[in-house]
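Below is query_17.csv, holding CSV, C-alpha atoms.
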```csv
chain,number,residue,atom,x,y,z
A,26,MET,CA,-42.6,-28.6,6.2
A,27,LYS,CA,-43.8,-25.8,3.9
A,28,ARG,CA,-45.3,-28.3,1.6
A,29,ALA,CA,-47.2,-30.0,4.3
A,30,THR,CA,-48.5,-26.7,5.7
A,31,GLY,CA,-49.6,-25.7,2.2
A,32,VAL,CA,-51.4,-29.1,1.7
A,33,LEU,CA,-53.2,-28.7,5.1
A,34,LEU,CA,-54.2,-25.2,4.2
A,35,LEU,CA,-55.5,-26.3,0.9
A,36,MET,CA,-57.4,-29.1,2.5
A,37,CYS,CA,-59.0,-26.7,4.9
A,38,LEU,CA,-60.1,-24.4,2.1
A,39,VAL,CA,-61.4,-27.3,-0.1
A,40,LEU,CA,-63.3,-29.2,2.6
A,41,PRO,CA,-66.6,-27.7,3.7
A,42,ALA,CA,-67.1,-27.1,7.4
A,43,GLY,CA,-68.3,-30.3,9.1
A,44,ALA,CA,-67.4,-32.5,6.2
A,45,GLY,CA,-66.6,-36.0,7.2
A,46,ALA,CA,-68.3,-35.5,10.6
A,47,LYS,CA,-70.9,-38.2,9.8
A,48,LYS,CA,-68.5,-41.0,9.3
A,49,PRO,CA,-65.4,-40.4,11.4
A,50,GLY,CA,-63.4,-43.2,9.9
A,51,LYS,CA,-64.0,-42.6,6.3
A,52,ALA,CA,-64.2,-39.4,4.2
A,53,PRO,CA,-66.9,-39.1,1.7
A,54,SER,CA,-65.7,-39.6,-1.9
A,55,GLY,CA,-65.1,-36.4,-3.9
A,56,LEU,CA,-64.5,-34.2,-0.9
A,57,LEU,CA,-60.8,-34.7,-0.6
A,58,PRO,CA,-58.7,-33.3,-3.4
A,59,SER,CA,-56.8,-35.8,-5.6
A,60,GLY,CA,-53.1,-36.0,-5.5
A,61,ARG,CA,-53.0,-34.2,-8.9
A,62,GLN,CA,-55.1,-31.3,-7.5
A,63,VAL,CA,-52.9,-31.0,-4.5
A,64,ARG,CA,-49.8,-30.9,-6.7
A,65,GLN,CA,-51.4,-28.3,-9.0
A,66,ALA,CA,-52.4,-26.1,-6.0
A,67,ALA,CA,-48.9,-26.5,-4.5
A,68,ALA,CA,-47.3,-25.5,-7.9
A,69,GLU,CA,-49.6,-22.5,-8.1
A,70,LEU,CA,-48.7,-21.5,-4.6
A,71,LYS,CA,-45.0,-21.9,-5.3
A,72,GLN,CA,-45.4,-19.8,-8.5
A,73,ARG,CA,-47.0,-17.0,-6.5
A,74,LEU,CA,-44.3,-17.2,-3.8
A,75,ASP,CA,-41.6,-17.1,-6.5
A,76,LYS,CA,-43.2,-14.0,-8.1
A,77,GLN,CA,-43.4,-12.3,-4.7
A,78,GLN,CA,-39.7,-13.1,-4.0
A,79,ALA,CA,-38.7,-11.9,-7.5
A,80,GLU,CA,-40.6,-8.6,-6.9
A,81,LEU,CA,-39.0,-8.2,-3.5
A,82,GLU,CA,-35.6,-8.8,-5.0
A,83,ARG,CA,-36.3,-6.3,-7.7
A,84,ARG,CA,-37.4,-3.7,-5.1
A,85,ARG,CA,-34.3,-4.4,-3.0
A,86,GLN,CA,-32.1,-3.8,-6.0
A,87,ARG,CA,-33.9,-0.6,-6.8
A,88,LEU,CA,-33.5,0.6,-3.3
A,89,GLU,CA,-29.9,-0.2,-3.4
A,90,SER,CA,-29.4,1.7,-6.6
A,91,LEU,CA,-31.3,4.7,-5.2
A,92,ARG,CA,-29.1,4.5,-2.1
A,93,GLN,CA,-26.0,4.6,-4.3
A,94,GLU,CA,-27.3,7.6,-6.2
A,95,ILE,CA,-28.0,9.4,-3.0
A,96,LEU,CA,-24.5,8.7,-1.7
A,97,GLU,CA,-23.0,9.9,-5.0
A,98,GLN,CA,-25.1,13.1,-4.8
A,99,LEU,CA,-24.1,13.7,-1.2
A,100,ALA,CA,-20.4,13.2,-2.2
A,101,ALA,CA,-20.9,15.7,-5.1
A,102,LEU,CA,-22.6,18.2,-2.8
A,103,GLU,CA,-19.8,17.8,-0.2
A,104,LYS,CA,-17.2,18.4,-2.9
A,105,LYS,CA,-19.1,21.6,-4.1
A,106,ARG,CA,-19.5,22.8,-0.5
A,107,SER,CA,-15.7,22.4,0.2
A,108,GLN,CA,-14.9,24.1,-3.1
A,109,ALA,CA,-17.3,27.0,-2.1
A,110,ALA,CA,-15.6,27.2,1.3
A,111,GLY,CA,-12.2,27.4,-0.4
A,112,HIS,CA,-13.5,30.2,-2.7
A,113,GLU,CA,-14.8,32.0,0.4
A,114,GLN,CA,-11.4,31.7,2.0
A,115,GLN,CA,-9.7,33.0,-1.1
A,116,ALA,CA,-12.2,35.9,-1.4
A,117,GLY,CA,-11.7,36.7,2.3
A,118,ALA,CA,-7.9,36.6,1.8
A,119,ALA,CA,-8.3,38.9,-1.2
A,120,VAL,CA,-10.1,41.4,0.9
A,121,THR,CA,-8.1,41.2,4.0
A,122,ALA,CA,-4.6,40.6,2.5
A,123,PRO,CA,-4.2,44.3,1.4
A,124,ALA,CA,-5.0,45.5,4.9
A,125,SER,CA,-1.4,45.8,5.7
A,126,GLY,CA,-0.6,47.7,2.6
A,127,VAL,CA,-1.9,49.3,-0.6
A,128,LEU,CA,-3.0,47.3,-3.6
A,129,THR,CA,-0.2,48.1,-6.1
A,130,GLY,CA,0.9,46.9,-9.5
A,131,PRO,CA,-1.3,46.1,-12.5
A,132,GLU,CA,-2.9,43.1,-10.9
A,133,GLY,CA,-3.7,44.9,-7.6
A,134,LYS,CA,-5.2,47.8,-9.5
A,135,LYS,CA,-7.2,45.5,-11.6
A,136,ARG,CA,-8.6,43.7,-8.5
A,137,LEU,CA,-9.3,47.0,-6.9
A,138,GLN,CA,-11.2,48.2,-9.9
A,139,GLN,CA,-13.2,45.0,-10.0
A,140,MET,CA,-14.1,45.3,-6.3
A,141,ALA,CA,-15.1,49.0,-6.8
A,142,GLN,CA,-17.4,48.0,-9.7
A,143,GLY,CA,-18.9,45.3,-7.5
A,144,LEU,CA,-19.6,47.8,-4.8
A,145,SER,CA,-21.0,50.3,-7.3
A,146,GLY,CA,-23.5,47.6,-8.4
A,147,MET,CA,-24.8,47.2,-4.8
A,148,THR,CA,-27.4,49.4,-3.1
A,149,PRO,CA,-25.7,52.3,-1.2
A,150,GLU,CA,-26.8,50.7,2.1
A,151,LYS,CA,-25.3,47.3,1.3
A,152,ALA,CA,-22.1,48.9,-0.1
A,153,ALA,CA,-21.8,51.1,3.0
A,154,GLN,CA,-22.1,48.0,5.3
A,155,THR,CA,-19.4,46.3,3.3
A,156,VAL,CA,-17.0,49.2,3.2
A,157,ALA,CA,-17.5,49.9,6.9
A,158,LYS,CA,-16.2,46.5,7.7
A,159,LEU,CA,-13.0,46.9,5.6
A,160,PRO,CA,-9.7,48.2,6.8
A,161,VAL,CA,-9.5,52.0,6.4
A,162,GLU,CA,-6.7,51.9,3.7
A,163,LEU,CA,-8.6,49.4,1.6
A,164,ALA,CA,-11.9,51.3,2.0
A,165,VAL,CA,-10.1,54.6,1.0
A,166,GLN,CA,-8.7,52.8,-2.1
A,167,LEU,CA,-12.1,51.5,-3.1
A,168,LEU,CA,-13.9,54.8,-2.6
A,169,LEU,CA,-11.2,56.6,-4.7
A,170,ALA,CA,-11.7,53.9,-7.4
A,171,MET,CA,-15.5,54.4,-7.5
A,172,ASP,CA,-17.4,57.1,-9.3
A,173,ASP,CA,-17.6,60.2,-7.1
A,174,LYS,CA,-21.5,60.2,-7.0
A,175,LYS,CA,-21.7,56.5,-6.1
A,176,ALA,CA,-18.9,56.9,-3.5
A,177,GLY,CA,-20.9,59.9,-2.0
A,178,LYS,CA,-24.0,57.8,-1.8
A,179,VAL,CA,-22.1,55.0,-0.1
A,180,LEU,CA,-20.6,57.5,2.4
A,181,GLY,CA,-24.1,59.0,3.0
A,182,ALA,CA,-25.5,55.6,3.9
A,183,MET,CA,-22.8,55.0,6.6
A,184,GLN,CA,-22.8,55.9,10.2
A,185,PRO,CA,-21.6,59.5,10.4
A,186,GLU,CA,-18.5,58.7,12.5
A,187,LYS,CA,-17.3,56.0,10.1
A,188,ALA,CA,-18.0,58.2,7.1
A,189,ALA,CA,-16.2,61.1,8.6
A,190,ALA,CA,-13.1,58.9,9.4
A,191,LEU,CA,-13.1,57.7,5.8
A,192,VAL,CA,-13.5,61.2,4.3
A,193,THR,CA,-10.6,62.3,6.5
A,194,ALA,CA,-8.5,59.4,5.3
A,195,VAL,CA,-9.4,60.1,1.7
A,196,LEU,CA,-8.4,63.8,2.1
A,197,GLN,CA,-5.1,62.9,3.8
A,198,ARG,CA,-4.3,60.5,1.1
A,199,ALA,CA,-5.2,63.0,-1.6
A,200,ALA,CA,-3.3,66.0,0.0
A,201,PRO,CA,0.2,65.0,-1.2
A,202,GLN,CA,-1.2,64.6,-4.7
A,203,SER,CA,-2.8,68.0,-4.8
A,204,GLY,CA,-1.0,68.8,-8.1
A,205,ASP,CA,-2.7,65.8,-9.8
A,206,SER,CA,-6.0,66.4,-11.6
A,207,GLY,CA,-7.7,63.5,-9.7
A,208,LYS,CA,-9.7,60.9,-11.5
A,209,GLY,CA,-10.6,62.8,-14.6
A,210,GLY,CA,-13.9,64.2,-13.4
A,211,LYS,CA,-15.9,61.0,-13.0
```
Write out the structure in this file as structure tokens.
Amino acid sequence: MKRATGVLLLMCLVLPAGAGAKKPGKAPSGLLPSGRQVRQAAAELKQRLDKQQAELERRRQRLESLRQEILEQLAALEKKRSQAAGHEQQAGAAVTAPASGVLTGPEGKKRLQQMAQGLSGMTPEKAAQTVAKLPVELAVQLLLAMDDKKAGKVLGAMQPEKAAALVTAVLQRAAPQSGDSGKGGK
């Protein structure tokens, strides 16, 4: 069927308009393509179609490989996102876990010192926002672990009520230790 359509199409292109109209029963010689010309035109048409099909297949394969790459990247991103969520939960647990008690022991003091250094690296306003959200005992521990000047700037950036409560808690905690020399004059 395709071959017959191609031949008819070729004949329409080769025959000039109105050709053969003078003698309805017989076509003028040389106007109709020979069998060899028809086969050659059909072969050329088939070659073009084969090339187009090959190009379409190549594009389909490329799209499929791109689809696979995107799926792999999405899977990697999802894995990273879940890992980040796990890290956030761990960090949240590290901050909220000591709320019931004091950070003690070498590991607890090390973590406390690391958190105090992190707060010291922030602007006083950001550090004040962070400390204000912490449980009072942990906030007191962090303020005591910080340099006095930086801790003062953090307290100065807080709302007066929250700063007063923390200063009171710091003083109450320091009162039993009045014989100690403090932090060594930081």
- Pick out the closest residue to Leu196 in chain A from this set: A:Ser59, A:Gln139, A:Gln72, A:Gln166. Count all atoms listed in the file.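 The closest residue to Leu196 in chain A is A:Gln166.
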- Which of these, A:Met171, A:Ser107, A:Val161, A:Lys151, has the shortest distance to Ala189 in chain A once you count only C-alpha atoms?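 Going through A:Met171, A:Ser107, A:Val161, A:Lys151 one by one, the smallest distance to Ala189 in chain A is for A:Val161.
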- Of the residues A:Ser90, A:Ala157, A:Gln62, A:Glu150, which is the one nearest to Glu186 in chain A, using only C-alpha atoms?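 Looking at the shortest contact to Glu186 in chain A, the residue is A:Ala157.
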- Among listed residues A:Ala67, A:Leu56, A:Leu88, A:Leu167, nearest Gly133 in chain A (using only C-alpha atoms): A:Leu167
- Task: Quote the spacing between CA of Val179 in chain A and CA of Val156 in chain A in Å to one decimal place.
- Result: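 CA of Val156 in chain A lies at a distance of 8.4 Å from CA of Val179 in chain A.
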- Take CA of Arg92 in chain A and CA of Arg73 in chain A and report the distance between them in Å, one decimal.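 Separation of CA of Arg92 in chain A and CA of Arg73 in chain A: 28.3 Å.
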- Message: I'd like the interatomic distance between CA of Gln98 in chain A and CA of Arg85 in chain A, to a tenth of an Å.
- Response: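 According to the coordinates, CA of Gln98 in chain A and CA of Arg85 in chain A are separated by 19.9 Å.
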- Task: Extract, using all atoms listed in the file, all DNA, RNA and protein residues at most 9 Å from Val192 in chain A, discarding same-chain residues fewer than 4 positions from it, and format them as number ranges by chain.
- Result: A: 165, 180, 187-188, 196-197
- Query: Which of these residues is nearest to Leu168 in chain A, using only C-alpha atoms: A:Met147, A:Met140, A:Ile95, A:Val63?
  - Reply: A:Met140
